[in-house]
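Everything below belongs to query_17.txt, which stores compact mmCIF, C-alpha atoms and all ligand atoms.
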```
# COMPACT_ATOMS: atom_id res chain seq x y z
CA MET A 5 -23.45 -35.80 -53.49
CA PRO A 6 -22.24 -38.90 -51.65
CA GLU A 7 -22.89 -38.97 -47.93
CA ARG A 8 -20.42 -36.54 -46.38
CA ILE A 9 -19.62 -36.21 -42.71
CA TYR A 10 -19.31 -32.80 -41.10
CA ASN A 11 -15.60 -32.28 -40.73
CA PHE A 12 -14.73 -29.92 -37.86
CA SER A 13 -11.01 -30.61 -38.25
CA PRO A 14 -8.68 -27.65 -37.61
CA GLY A 15 -6.55 -28.37 -40.68
CA PRO A 16 -6.35 -29.78 -43.23
CA ALA A 17 -9.97 -28.81 -43.12
CA THR A 18 -13.20 -29.17 -45.01
CA LEU A 19 -13.29 -27.78 -48.57
CA PRO A 20 -16.28 -26.84 -50.71
CA TYR A 21 -17.66 -30.00 -52.32
CA GLU A 22 -17.79 -28.30 -55.74
CA VAL A 23 -14.05 -27.71 -55.51
CA LEU A 24 -13.34 -31.37 -54.76
CA GLN A 25 -15.51 -32.44 -57.69
CA GLU A 26 -13.87 -30.03 -60.09
CA ALA A 27 -10.40 -31.08 -58.91
CA ALA A 28 -11.25 -34.77 -59.27
CA LYS A 29 -12.22 -34.20 -62.90
CA ASP A 30 -9.23 -32.01 -63.73
CA ILE A 31 -6.70 -34.34 -62.10
CA VAL A 32 -7.62 -36.97 -64.65
CA ASN A 33 -8.32 -34.78 -67.66
CA PHE A 34 -7.53 -31.10 -67.31
CA GLN A 35 -10.17 -29.03 -69.11
CA ASN A 36 -10.64 -31.90 -71.58
CA LYS A 37 -7.15 -31.44 -72.96
CA GLY A 38 -6.23 -35.11 -72.66
CA ILE A 39 -3.68 -34.51 -69.91
CA GLY A 40 -4.06 -34.60 -66.15
CA LEU A 41 -3.71 -31.43 -64.09
CA ILE A 42 -0.80 -32.78 -62.05
CA GLU A 43 1.02 -33.88 -65.21
CA LEU A 44 1.11 -30.39 -66.71
CA SER A 45 4.42 -28.55 -66.94
CA HIS A 46 4.38 -25.64 -64.53
CA ARG A 47 5.68 -23.52 -67.42
CA SER A 48 2.93 -24.55 -69.85
CA LYS A 49 0.52 -21.82 -70.86
CA GLU A 50 -2.29 -23.91 -69.37
CA PHE A 51 -0.73 -23.96 -65.92
CA MET A 52 0.44 -20.33 -66.11
CA ALA A 53 -3.22 -19.45 -66.68
CA VAL A 54 -4.16 -21.43 -63.55
CA THR A 55 -1.65 -19.50 -61.43
CA ASP A 56 -2.64 -16.15 -62.93
CA GLU A 57 -6.28 -16.80 -62.27
CA ALA A 58 -5.65 -17.80 -58.65
CA GLU A 59 -3.56 -14.68 -58.10
CA ASN A 60 -6.04 -12.37 -59.80
CA LEU A 61 -8.96 -13.73 -57.81
CA ILE A 62 -7.03 -13.26 -54.57
CA ARG A 63 -6.23 -9.67 -55.55
CA GLU A 64 -9.84 -8.99 -56.42
CA ILE A 65 -11.54 -10.69 -53.48
CA PHE A 66 -9.09 -9.45 -50.83
CA SER A 67 -8.60 -5.97 -52.39
CA VAL A 68 -4.82 -6.35 -52.56
CA PRO A 69 -3.25 -3.00 -53.55
CA ASP A 70 -1.08 -2.90 -56.71
CA ASN A 71 2.13 -2.34 -54.77
CA TYR A 72 1.90 -5.79 -53.18
CA LYS A 73 3.12 -9.11 -54.56
CA VAL A 74 1.12 -12.30 -54.15
CA LEU A 75 3.40 -15.34 -53.76
CA PHE A 76 2.74 -19.07 -53.63
CA LEU A 77 5.48 -20.64 -51.52
CA GLN A 78 6.24 -23.98 -49.89
CA GLY A 79 7.48 -25.06 -46.48
CA GLY A 80 4.19 -24.39 -44.71
CA ALA A 81 3.22 -21.42 -42.63
CA SER A 82 5.94 -22.52 -40.20
CA SER A 83 8.69 -21.59 -42.67
CA GLN A 84 7.40 -18.01 -42.55
CA PHE A 85 8.34 -17.93 -38.87
CA PHE A 86 11.98 -17.66 -39.97
CA MET A 87 11.59 -16.23 -43.48
CA VAL A 88 9.96 -13.07 -42.12
CA PRO A 89 12.79 -12.08 -39.75
CA MET A 90 15.47 -13.51 -42.06
CA ASN A 91 14.33 -11.17 -44.84
CA LEU A 92 13.18 -8.18 -42.83
CA LEU A 93 15.41 -7.94 -39.77
CA GLY A 94 19.13 -8.10 -39.23
CA ASN A 95 22.08 -6.65 -37.37
CA GLY A 96 20.57 -5.75 -34.05
CA LYS A 97 17.32 -4.56 -35.57
CA LYS A 98 14.24 -4.76 -33.41
CA ALA A 99 10.78 -6.21 -33.97
CA THR A 100 7.75 -6.44 -31.69
CA TYR A 101 5.80 -9.68 -31.24
CA LEU A 102 2.53 -10.45 -29.47
CA ASN A 103 2.52 -13.85 -27.77
CA THR A 104 -1.06 -15.08 -28.05
CA GLY A 105 -0.62 -18.81 -28.56
CA THR A 106 1.43 -21.73 -29.80
CA TRP A 107 1.93 -20.31 -33.29
CA SER A 108 3.17 -16.94 -32.09
CA LYS A 109 5.44 -18.63 -29.55
CA LYS A 110 7.05 -20.66 -32.32
CA ALA A 111 7.44 -17.55 -34.46
CA ILE A 112 9.10 -15.70 -31.58
CA LYS A 113 11.60 -18.52 -31.10
CA GLU A 114 12.65 -18.34 -34.75
CA ALA A 115 12.70 -14.54 -34.89
CA LYS A 116 15.17 -14.46 -31.99
CA LEU A 117 17.68 -16.12 -34.31
CA PHE A 118 17.72 -13.01 -36.48
CA GLY A 119 17.11 -9.90 -34.42
CA ASN A 120 16.25 -8.20 -31.20
CA ILE A 121 12.74 -9.38 -30.36
CA ASP A 122 10.52 -7.50 -27.97
CA VAL A 123 7.59 -9.58 -26.73
CA ALA A 124 5.28 -6.70 -25.86
CA TYR A 125 2.35 -8.80 -24.69
CA SER A 126 1.72 -12.37 -23.58
CA SER A 127 -1.44 -14.15 -22.50
CA GLU A 128 0.47 -17.37 -21.79
CA GLU A 129 -0.23 -17.24 -18.05
CA GLN A 130 -3.98 -17.19 -18.78
CA SER A 131 -3.54 -20.25 -21.01
CA PHE A 132 -3.86 -17.97 -24.02
CA ASN A 133 -7.54 -17.31 -23.51
CA ARG A 134 -7.40 -13.75 -24.84
CA VAL A 135 -5.77 -11.34 -27.23
CA PRO A 136 -4.79 -7.80 -26.22
CA GLY A 137 -6.48 -4.51 -26.97
CA ASP A 138 -4.37 -1.68 -28.38
CA ASP A 139 -3.98 -0.09 -24.94
CA GLU A 140 -2.43 -3.21 -23.38
CA TYR A 141 1.01 -2.98 -24.97
CA THR A 142 3.36 -0.53 -26.62
CA VAL A 143 5.48 -0.81 -29.73
CA ALA A 144 8.94 0.73 -29.47
CA PRO A 145 9.53 3.47 -32.08
CA ASP A 146 12.63 1.69 -33.38
CA SER A 147 10.70 -1.54 -34.00
CA GLU A 148 10.73 -2.60 -37.65
CA TYR A 149 7.35 -4.25 -37.47
CA LEU A 150 4.59 -5.54 -35.21
CA TYR A 151 4.00 -9.28 -35.62
CA PHE A 152 0.81 -11.02 -34.51
CA VAL A 153 -1.36 -14.06 -35.21
CA SER A 154 -4.80 -12.79 -36.21
CA ASN A 155 -6.59 -15.99 -35.21
CA ASN A 156 -5.22 -18.43 -32.66
CA THR A 157 -6.31 -21.75 -34.09
CA ILE A 158 -5.66 -23.83 -30.98
CA TYR A 159 -7.11 -21.55 -28.30
CA GLY A 160 -9.98 -20.14 -30.31
CA THR A 161 -9.14 -16.48 -29.89
CA GLN A 162 -9.11 -13.84 -32.62
CA PHE A 163 -8.24 -10.18 -32.90
CA GLN A 164 -11.69 -8.61 -33.34
CA SER A 165 -10.00 -5.77 -35.19
CA MET A 166 -6.41 -5.50 -36.37
CA PRO A 167 -3.94 -3.74 -34.06
CA ASN A 168 -4.07 0.00 -34.59
CA LYS A 169 -0.51 1.06 -33.91
CA ASP A 170 1.96 3.34 -35.56
CA SER A 171 3.88 0.37 -36.94
CA MET A 172 4.01 -1.80 -40.01
CA LEU A 173 1.93 -4.90 -39.34
CA ILE A 174 2.91 -8.48 -40.13
CA ALA A 175 0.33 -11.17 -39.60
CA ASP A 176 0.04 -14.91 -39.60
CA MET A 177 -3.51 -15.25 -40.95
CA SER A 178 -3.30 -18.99 -41.55
CA SER A 179 -6.62 -19.72 -39.90
CA ASP A 180 -8.74 -16.70 -40.75
CA ILE A 181 -7.58 -15.25 -44.04
CA PHE A 182 -10.47 -14.40 -46.40
CA SER A 183 -12.97 -14.77 -43.56
CA ARG A 184 -13.45 -11.01 -43.13
CA PRO A 185 -12.33 -7.79 -44.80
CA VAL A 186 -8.76 -6.63 -44.09
CA ASP A 187 -7.12 -3.33 -44.99
CA VAL A 188 -4.05 -4.87 -46.63
CA SER A 189 -2.36 -1.47 -46.95
CA LYS A 190 -1.70 -1.48 -43.17
CA PHE A 191 0.46 -4.60 -43.57
CA GLY A 192 4.00 -5.16 -44.71
CA LEU A 193 3.35 -8.85 -45.08
CA ILE A 194 0.51 -11.31 -44.58
CA PHE A 195 0.98 -15.06 -44.78
CA ALA A 196 -1.25 -18.10 -44.52
CA GLY A 197 -0.81 -21.82 -44.87
CA ALA A 198 -3.57 -22.89 -47.25
CA GLN A 199 -4.93 -25.89 -45.38
CA LYS A 200 -7.28 -24.02 -43.04
CA ASN A 201 -9.21 -21.56 -45.11
CA ILE A 202 -8.03 -21.62 -48.72
CA GLY A 203 -7.16 -25.06 -50.02
CA PRO A 204 -5.14 -28.20 -49.44
CA ALA A 205 -1.84 -28.41 -47.58
CA GLY A 206 1.26 -27.72 -49.64
CA VAL A 207 1.11 -24.05 -50.49
CA THR A 208 1.63 -20.98 -48.34
CA LEU A 209 0.20 -17.70 -49.51
CA VAL A 210 2.38 -14.63 -48.93
CA ILE A 211 1.21 -11.09 -49.65
CA ILE A 212 4.16 -8.72 -49.37
CA ARG A 213 4.60 -4.98 -49.95
CA GLU A 214 7.01 -4.51 -52.84
CA ASP A 215 9.45 -2.15 -51.15
CA LEU A 216 10.27 -4.87 -48.60
CA LEU A 217 11.64 -7.21 -51.24
CA ASP A 218 15.02 -5.49 -51.23
CA ARG A 219 15.60 -5.71 -47.50
CA ALA A 220 17.13 -9.19 -47.35
CA GLY A 221 20.87 -9.27 -46.73
CA GLU A 222 23.49 -11.00 -48.90
CA SER A 223 23.62 -14.03 -46.65
CA VAL A 224 20.00 -15.06 -47.19
CA PRO A 225 19.88 -18.18 -49.40
CA THR A 226 18.24 -17.70 -52.80
CA MET A 227 15.26 -19.97 -52.14
CA LEU A 228 14.52 -18.17 -48.87
CA LYS A 229 14.46 -14.65 -50.31
CA TYR A 230 11.00 -13.29 -51.05
CA LYS A 231 12.50 -11.35 -53.95
CA THR A 232 13.54 -14.54 -55.72
CA HIS A 233 9.95 -15.72 -55.87
CA ALA A 234 8.48 -12.28 -56.52
CA ASP A 235 10.77 -11.70 -59.53
CA LYS A 236 9.74 -15.03 -61.06
CA GLY A 237 6.02 -14.94 -60.35
CA SER A 238 6.34 -17.86 -57.90
CA MET A 239 7.96 -19.93 -60.69
CA PHE A 240 11.61 -19.78 -59.63
CA ASN A 241 11.38 -23.51 -59.09
CA THR A 242 8.52 -25.97 -59.47
CA PRO A 243 5.65 -24.59 -57.42
CA PRO A 244 3.04 -26.73 -55.64
CA CYS A 245 0.90 -26.92 -58.78
CA PHE A 246 -2.04 -28.89 -57.48
CA ALA A 247 -2.40 -26.83 -54.32
CA ILE A 248 -2.29 -23.56 -56.30
CA TYR A 249 -4.97 -24.89 -58.63
CA CYS A 250 -7.19 -25.70 -55.65
CA VAL A 251 -6.66 -22.26 -54.15
CA GLY A 252 -7.92 -20.81 -57.43
CA GLN A 253 -11.00 -23.04 -57.31
CA VAL A 254 -11.72 -22.04 -53.71
CA MET A 255 -11.40 -18.38 -54.70
CA LYS A 256 -13.89 -18.91 -57.53
CA TRP A 257 -16.27 -20.54 -55.08
CA LEU A 258 -15.85 -17.63 -52.68
CA LYS A 259 -16.42 -15.07 -55.41
CA ASN A 260 -19.62 -16.79 -56.56
CA LEU A 261 -20.84 -16.79 -52.98
CA GLY A 262 -20.57 -13.01 -52.87
CA GLY A 263 -16.96 -12.59 -51.77
CA ILE A 264 -15.76 -11.56 -48.34
CA PRO A 265 -18.78 -9.53 -47.19
CA ALA A 266 -21.01 -12.55 -47.80
CA ILE A 267 -18.72 -15.07 -46.13
CA GLU A 268 -18.15 -12.76 -43.16
CA LYS A 269 -21.89 -12.63 -42.54
CA LEU A 270 -22.14 -16.41 -42.76
CA ASN A 271 -19.18 -16.87 -40.45
CA GLN A 272 -20.82 -14.59 -37.88
CA GLU A 273 -24.04 -16.56 -38.07
CA LYS A 274 -22.28 -19.91 -37.67
CA ALA A 275 -20.20 -18.80 -34.70
CA ALA A 276 -23.18 -17.11 -33.03
CA LEU A 277 -25.12 -20.38 -33.10
CA LEU A 278 -22.29 -22.25 -31.43
CA TYR A 279 -21.44 -19.65 -28.79
CA GLU A 280 -25.13 -19.34 -27.97
CA ALA A 281 -25.20 -23.10 -27.33
CA ILE A 282 -22.19 -22.79 -25.02
CA ASP A 283 -23.44 -19.73 -23.14
CA SER A 284 -26.97 -20.96 -22.63
CA ASN A 285 -25.91 -24.16 -20.87
CA ASP A 286 -23.74 -24.43 -17.74
CA PHE A 287 -22.61 -27.84 -18.96
CA TYR A 288 -20.31 -26.15 -21.49
CA ARG A 289 -17.57 -23.64 -20.84
CA GLY A 290 -15.89 -21.64 -23.60
CA HIS A 291 -12.10 -21.37 -23.41
CA ALA A 292 -11.74 -17.85 -24.83
CA GLU A 293 -12.76 -14.67 -23.06
CA LYS A 294 -15.91 -13.39 -24.72
CA THR A 295 -14.29 -10.30 -26.21
CA SER A 296 -11.54 -12.42 -27.82
CA ARG A 297 -13.70 -15.16 -29.29
CA SER A 298 -12.80 -16.59 -32.68
CA LEU A 299 -15.32 -17.01 -35.47
CA MET A 300 -13.18 -19.81 -36.92
CA ASN A 301 -12.22 -22.10 -34.03
CA VAL A 302 -14.54 -22.57 -31.08
CA SER A 303 -12.73 -24.19 -28.14
CA PHE A 304 -14.78 -25.39 -25.19
CA ASN A 305 -14.80 -27.76 -22.25
CA LEU A 306 -17.28 -30.11 -20.61
CA PRO A 307 -17.38 -30.78 -16.85
CA THR A 308 -14.79 -33.61 -16.99
CA PRO A 309 -12.22 -35.04 -19.41
CA GLU A 310 -14.21 -38.30 -19.38
CA LEU A 311 -17.35 -36.52 -20.58
CA GLU A 312 -15.29 -34.74 -23.23
CA ALA A 313 -13.99 -38.06 -24.56
CA GLN A 314 -17.51 -39.47 -24.58
CA PHE A 315 -18.84 -36.33 -26.31
CA ILE A 316 -16.23 -36.54 -29.06
CA ALA A 317 -16.81 -40.25 -29.61
CA GLU A 318 -20.62 -39.99 -29.69
CA ALA A 319 -20.49 -36.97 -31.98
CA ALA A 320 -18.32 -38.92 -34.42
CA THR A 321 -20.91 -41.68 -34.66
CA MET A 322 -23.39 -39.01 -35.78
CA GLY A 323 -21.14 -37.76 -38.55
CA LEU A 324 -19.75 -34.86 -36.52
CA ASP A 325 -16.04 -35.45 -36.85
CA GLY A 326 -12.80 -33.81 -35.72
CA LEU A 327 -14.05 -32.21 -32.50
CA LYS A 328 -11.10 -33.16 -30.32
CA GLY A 329 -9.28 -30.14 -28.89
CA HIS A 330 -5.56 -29.65 -29.46
CA ARG A 331 -3.38 -31.80 -27.20
CA SER A 332 -1.98 -28.66 -25.53
CA ILE A 333 -5.31 -27.65 -23.97
CA GLY A 334 -7.52 -30.70 -24.34
CA GLY A 335 -11.28 -30.33 -24.39
CA CYS A 336 -13.20 -29.85 -27.60
CA ARG A 337 -12.78 -27.60 -30.58
CA ALA A 338 -15.10 -27.00 -33.49
CA SER A 339 -13.30 -25.47 -36.47
CA ILE A 340 -15.86 -23.76 -38.67
CA TYR A 341 -13.84 -22.14 -41.45
CA ASN A 342 -15.30 -20.47 -44.55
CA ALA A 343 -16.18 -23.74 -46.26
CA PHE A 344 -17.84 -25.32 -43.24
CA PRO A 345 -21.62 -25.51 -43.85
CA ILE A 346 -24.03 -23.89 -41.41
CA GLU A 347 -26.14 -27.09 -41.46
CA GLY A 348 -23.26 -28.85 -39.72
CA VAL A 349 -23.16 -26.21 -37.01
CA ALA A 350 -26.90 -26.57 -36.48
CA LYS A 351 -26.49 -30.33 -36.18
CA LEU A 352 -23.69 -29.94 -33.63
CA VAL A 353 -25.78 -27.51 -31.58
CA GLU A 354 -28.64 -29.98 -31.54
CA PHE A 355 -26.28 -32.74 -30.43
CA MET A 356 -24.82 -30.53 -27.70
CA THR A 357 -28.25 -29.81 -26.27
CA GLU A 358 -29.17 -33.49 -26.21
CA PHE A 359 -25.82 -34.55 -24.77
CA ALA A 360 -26.03 -32.02 -21.95
CA LYS A 361 -29.56 -33.12 -21.08
CA LYS A 362 -28.57 -36.78 -20.89
CA ASN A 363 -25.33 -36.27 -18.95
CA SER A 364 -25.97 -33.33 -16.62
C1 LIG B 401 -1.76 -24.31 -38.73
C2 LIG B 401 -1.10 -23.03 -38.41
C3 LIG B 401 0.28 -22.83 -38.61
C4 LIG B 401 1.20 -23.93 -39.09
O1 LIG B 401 1.01 -24.20 -40.42
P1 LIG B 401 1.95 -25.25 -41.20
O2 LIG B 401 1.53 -25.01 -42.62
O3 LIG B 401 1.60 -26.60 -40.70
O4 LIG B 401 3.36 -24.88 -40.96
C5 LIG B 401 0.80 -21.59 -38.33
N1 LIG B 401 0.03 -20.59 -37.87
C6 LIG B 401 -1.29 -20.75 -37.65
C7 LIG B 401 -2.10 -19.61 -37.13
C8 LIG B 401 -1.90 -21.98 -37.91
O5 LIG B 401 -3.20 -22.13 -37.68
```

Kindly return the structure encoded in the file as structure tokens.
Ligand SMILES: *Cc1c(COP(=O)(O)O)cnc(C)c1O
Amino acid sequence: MPERIYNFSPGPATLPYEVLQEAAKDIVNFQNKGIGLIELSHRSKEFMAVTDEAENLIREIFSVPDNYKVLFLQGGASSQFFMVPMNLLGNGKKATYLNTGTWSKKAIKEAKLFGNIDVAYSSEEQSFNRVPGDDEYTVAPDSEYLYFVSNNTIYGTQFQSMPNKDSMLIADMSSDIFSRPVDVSKFGLIFAGAQKNIGPAGVTLVIIREDLLDRAGESVPTMLKYKTHADKGSMFNTPPCFAIYCVGQVMKWLKNLGGIPAIEKLNQEKAALLYEAIDSNDFYRGHAEKTSRSLMNVSFNLPTPELEAQFIAEAATMGLDGLKGHRSIGGCRASIYNAFPIEGVAKLVEFMTEFAKKNS
């Protein structure tokens, strides 16, 4: 392995090294067939096999029930902000949204273009440092669905368990999909941009319950209907071939590791190390309330913005990269998704201890 830095970037984010190596080989000469992966026709049997394998591994690893479709779409997770309400709402219909950060706020703005949106909870006034428990909001009985962001990438908060309400759930799982077990049958739709936890940028994974495919009205453009893509196995038009291939490779890596139970345990260990470093030293202050803490993105502050800038710069010289917090809250953020190695977390913790000692 060449010397690799530890990449704490929130997305695009670090990928398993084996996956990069495999992709590098296949880009030039796909499975020794004398043709590069990104030169293959998306309708060739070779590429169809790539897509099928990626889909089947997702179904297996994430226990996706048979009455759900797995789609590989484009336009980023952000396009789902409007595709969800465009396909599932309409004519004065109501949906409930939980406002727990930048990504839910953007989704709410788009949803308002299509229906009657009830924002049942917001932690905006507490600078999004928490997510609600089930008893902190209600879902109106005439609400078509309850929309939430399972992990708030910027603020470092995460639903510790999925909302338990008498409503169909829809979740943006862009930054924590495949990091822990999920009962997919409680959801109407789950989506995730790939570039945090499942692959490179360019593909958005959508898992949708089949009966919802027929909800879209006549006025929804063909490309923006889930049904269009479901009917054609994500091959209505040219799909993001390379990104889908990588997702398949990441799924293989995850399966070999022991699947979701194994990665969940690792994720808990990594996050525990980091939160322990924050809690055991007054120099550091976690952004999220303890009961809302994310296992994927750890947002924290130092005593002053100057020290934060110095911390980020010094860390980078030690091969600890991408620790700058999002511009909306500043501070520092360590993104430790599935593929982030525990050795890198240990190295960061060591650096944090030293830095605090020198600068307290
Ligand atoms: C990164 C992110 C998005 C935006 O993804 P794009 O693919 O850039 O549109 C949306 N939601 C969450 C939770 C994210 O982390």

As a check of understanding: the span from CA of Phe191 (chain A) to CA of Ala175 (chain A) is 7.7 Å

* **Of the listed residues A:Glu7, A:Pro145, A:Thr18, A:Asp235, that which approaches Ala338 (chain A) most closely, counting all atoms listed in the file** =>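 Closest residue, counting all atoms listed in the file: A:Thr18.
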
Shortest interatomic distance to ligand LIG 401 (chain B) - which of A:Gly40, A:Gly192, A:Pro167, A:Gly197, counting only C-alpha atoms and all ligand atoms: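 When distances to ligand LIG 401 (chain B) are compared using only C-alpha atoms and all ligand atoms, the smallest one comes from A:Gly197.
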
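Using only C-alpha atoms, the shortest contact distance between Asn168 (chain A) and any of A:Tyr125, A:Tyr288, A:Tyr141, A:Phe359 is found at A:Tyr141.
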
Quick one: which chain A residues come within 9 Å of ligand LIG 401 (chain B), and what is the nearest atom pair for each with the distance in Å to one decimal, counting all atoms listed in the file, rows ordered by chain and ascending number, as JSON lines?
```
{"residue": "A:Pro14", "atom": "CA", "partner": "B:LIG401", "partner_atom": "C1", "distance": 7.8}
{"residue": "A:Gly15", "atom": "CA", "partner": "B:LIG401", "partner_atom": "C1", "distance": 6.6}
{"residue": "A:Pro16", "atom": "CA", "partner": "B:LIG401", "partner_atom": "C1", "distance": 8.4}
{"residue": "A:Gln78", "atom": "CA", "partner": "B:LIG401", "partner_atom": "O2", "distance": 8.7}
{"residue": "A:Gly79", "atom": "CA", "partner": "B:LIG401", "partner_atom": "O4", "distance": 6.9}
{"residue": "A:Gly80", "atom": "CA", "partner": "B:LIG401", "partner_atom": "O2", "distance": 3.4}
{"residue": "A:Ala81", "atom": "CA", "partner": "B:LIG401", "partner_atom": "O4", "distance": 3.8}
{"residue": "A:Ser82", "atom": "CA", "partner": "B:LIG401", "partner_atom": "O4", "distance": 3.6}
{"residue": "A:Ser83", "atom": "CA", "partner": "B:LIG401", "partner_atom": "O4", "distance": 6.5}
{"residue": "A:Gln84", "atom": "CA", "partner": "B:LIG401", "partner_atom": "O4", "distance": 8.1}
{"residue": "A:Phe85", "atom": "CA", "partner": "B:LIG401", "partner_atom": "C5", "distance": 8.4}
{"residue": "A:Gly105", "atom": "CA", "partner": "B:LIG401", "partner_atom": "C7", "distance": 8.7}
{"residue": "A:Thr106", "atom": "CA", "partner": "B:LIG401", "partner_atom": "N1", "distance": 8.3}
{"residue": "A:Trp107", "atom": "CA", "partner": "B:LIG401", "partner_atom": "N1", "distance": 5.0}
{"residue": "A:Ser108", "atom": "CA", "partner": "B:LIG401", "partner_atom": "N1", "distance": 7.5}
{"residue": "A:Lys110", "atom": "CA", "partner": "B:LIG401", "partner_atom": "C5", "distance": 8.7}
{"residue": "A:Ala111", "atom": "CA", "partner": "B:LIG401", "partner_atom": "C5", "distance": 8.7}
{"residue": "A:Val153", "atom": "CA", "partner": "B:LIG401", "partner_atom": "C7", "distance": 5.9}
{"residue": "A:Ser154", "atom": "CA", "partner": "B:LIG401", "partner_atom": "C7", "distance": 7.4}
{"residue": "A:Asn155", "atom": "CA", "partner": "B:LIG401", "partner_atom": "C7", "distance": 6.1}
{"residue": "A:Asn156", "atom": "CA", "partner": "B:LIG401", "partner_atom": "C7", "distance": 5.6}
{"residue": "A:Thr157", "atom": "CA", "partner": "B:LIG401", "partner_atom": "O5", "distance": 4.8}
{"residue": "A:Ile158", "atom": "CA", "partner": "B:LIG401", "partner_atom": "O5", "distance": 7.3}
{"residue": "A:Asp176", "atom": "CA", "partner": "B:LIG401", "partner_atom": "C7", "distance": 5.7}
{"residue": "A:Met177", "atom": "CA", "partner": "B:LIG401", "partner_atom": "C7", "distance": 6.0}
{"residue": "A:Ser178", "atom": "CA", "partner": "B:LIG401", "partner_atom": "C7", "distance": 4.6}
{"residue": "A:Ser179", "atom": "CA", "partner": "B:LIG401", "partner_atom": "O5", "distance": 4.7}
{"residue": "A:Asp180", "atom": "CA", "partner": "B:LIG401", "partner_atom": "C7", "distance": 8.1}
{"residue": "A:Phe195", "atom": "CA", "partner": "B:LIG401", "partner_atom": "N1", "distance": 8.9}
{"residue": "A:Ala196", "atom": "CA", "partner": "B:LIG401", "partner_atom": "N1", "distance": 7.2}
{"residue": "A:Gly197", "atom": "CA", "partner": "B:LIG401", "partner_atom": "O2", "distance": 4.6}
{"residue": "A:Ala198", "atom": "CA", "partner": "B:LIG401", "partner_atom": "O2", "distance": 7.2}
{"residue": "A:Gln199", "atom": "CA", "partner": "B:LIG401", "partner_atom": "O2", "distance": 7.1}
{"residue": "A:Lys200", "atom": "CA", "partner": "B:LIG401", "partner_atom": "O5", "distance": 7.0}
{"residue": "A:Ala205", "atom": "CA", "partner": "B:LIG401", "partner_atom": "O2", "distance": 6.9}
{"residue": "A:Gly206", "atom": "CA", "partner": "B:LIG401", "partner_atom": "O2", "distance": 7.5}
{"residue": "A:Val207", "atom": "CA", "partner": "B:LIG401", "partner_atom": "O2", "distance": 7.9}
{"residue": "A:Thr208", "atom": "CA", "partner": "B:LIG401", "partner_atom": "O2", "distance": 7.0}
```

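Distance check against Val68 (chain A) using all atoms listed in the file: of A:Leu193, A:Leu306, A:Met300, A:Ala234, the minimum falls on A:Leu193.
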
Using CA of Leu61 (chain A) and CA of Ile9 (chain A) as the two end points, give the distance in Å to one decimal.
->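 Value for the CA of Leu61 (chain A)-CA of Ile9 (chain A) distance: 29.1 Å.
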
Item to complete: To one decimal in Å, tell me the separation between CA of Phe246 (chain A) and CA of Glu347 (chain A).
Response: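 Pair CA of Phe246 (chain A) / CA of Glu347 (chain A) returns 29.0 Å.
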
Neighbouring residues of Lys109 (chain A) were defined as those with any atom within 10 Å, considering all atoms listed in the file; residues of the same chain fewer than 4 positions away were excluded. Please report them as a list in words.
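Surrounding residues, per the criterion: Phe85, Tyr101, Leu102, Asn103, Thr104, Gly105, Lys113, Glu114, Ala115, Val123, Ser126, Glu128 and Val153 of chain A.
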
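Between Thr100 (chain A) and the candidates A:Phe51, A:Phe152, A:Phe163, A:Phe304, the tightest atom-to-atom separation, counting all atoms listed in the file, involves A:Phe152.
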
Q | Nearest-residue call for Ala281 (chain A), choices A:Thr357, A:Ser127, A:Thr242, A:Thr295, using only C-alpha atoms | A |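 When distances to Ala281 (chain A) are compared using only C-alpha atoms, the smallest one comes from A:Thr357.
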
Distance query Asn271 (chain A) at most 10 Å, all atoms listed in the file, self and fewer than 6 positions along chain excluded, as a list in words =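 Counting all atoms listed in the file, the residues come to Ser183, Arg184, Pro265, Leu299, Met300, Ile340, Tyr341, Asn342, Ala343, Phe344, Pro345 and Ile346 of chain A.
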
| So which residues touch Glu148 (chain A) within 10 Å, counting all atoms listed in the file, skipping near sequence neighbours fewer than 4 positions away, as a PyMOL selection string? | chain A and resi 89+92-93+97-100+143-144+171-173

Could you pull region 272-276 of chain A out of the block above and give me N, CA, C and O atoms, as a short mmCIF file (atom, residue, chain, number, x, y, z; two decimals), in the first residue's frame?
```cif
data_model
loop_
_atom_site.label_atom_id
_atom_site.label_comp_id
_atom_site.auth_asym_id
_atom_site.auth_seq_id
_atom_site.Cartn_x
_atom_site.Cartn_y
_atom_site.Cartn_z
N GLN A 272 -19.25 1.60 16.44
CA GLN A 272 -19.44 1.97 17.85
C GLN A 272 -18.09 2.14 18.54
O GLN A 272 -17.90 3.07 19.33
N GLU A 273 -17.17 1.25 18.22
CA GLU A 273 -15.85 1.33 18.85
C GLU A 273 -15.12 2.61 18.44
O GLU A 273 -14.52 3.30 19.26
N LYS A 274 -15.19 2.92 17.14
CA LYS A 274 -14.50 4.12 16.64
C LYS A 274 -15.06 5.37 17.30
O LYS A 274 -14.32 6.23 17.80
N ALA A 275 -16.39 5.49 17.30
CA ALA A 275 -17.01 6.70 17.84
C ALA A 275 -16.76 6.81 19.34
O ALA A 275 -16.51 7.90 19.86
N ALA A 276 -16.77 5.67 20.04
CA ALA A 276 -16.55 5.69 21.49
C ALA A 276 -15.17 6.26 21.81
O ALA A 276 -15.01 7.06 22.75
#
```
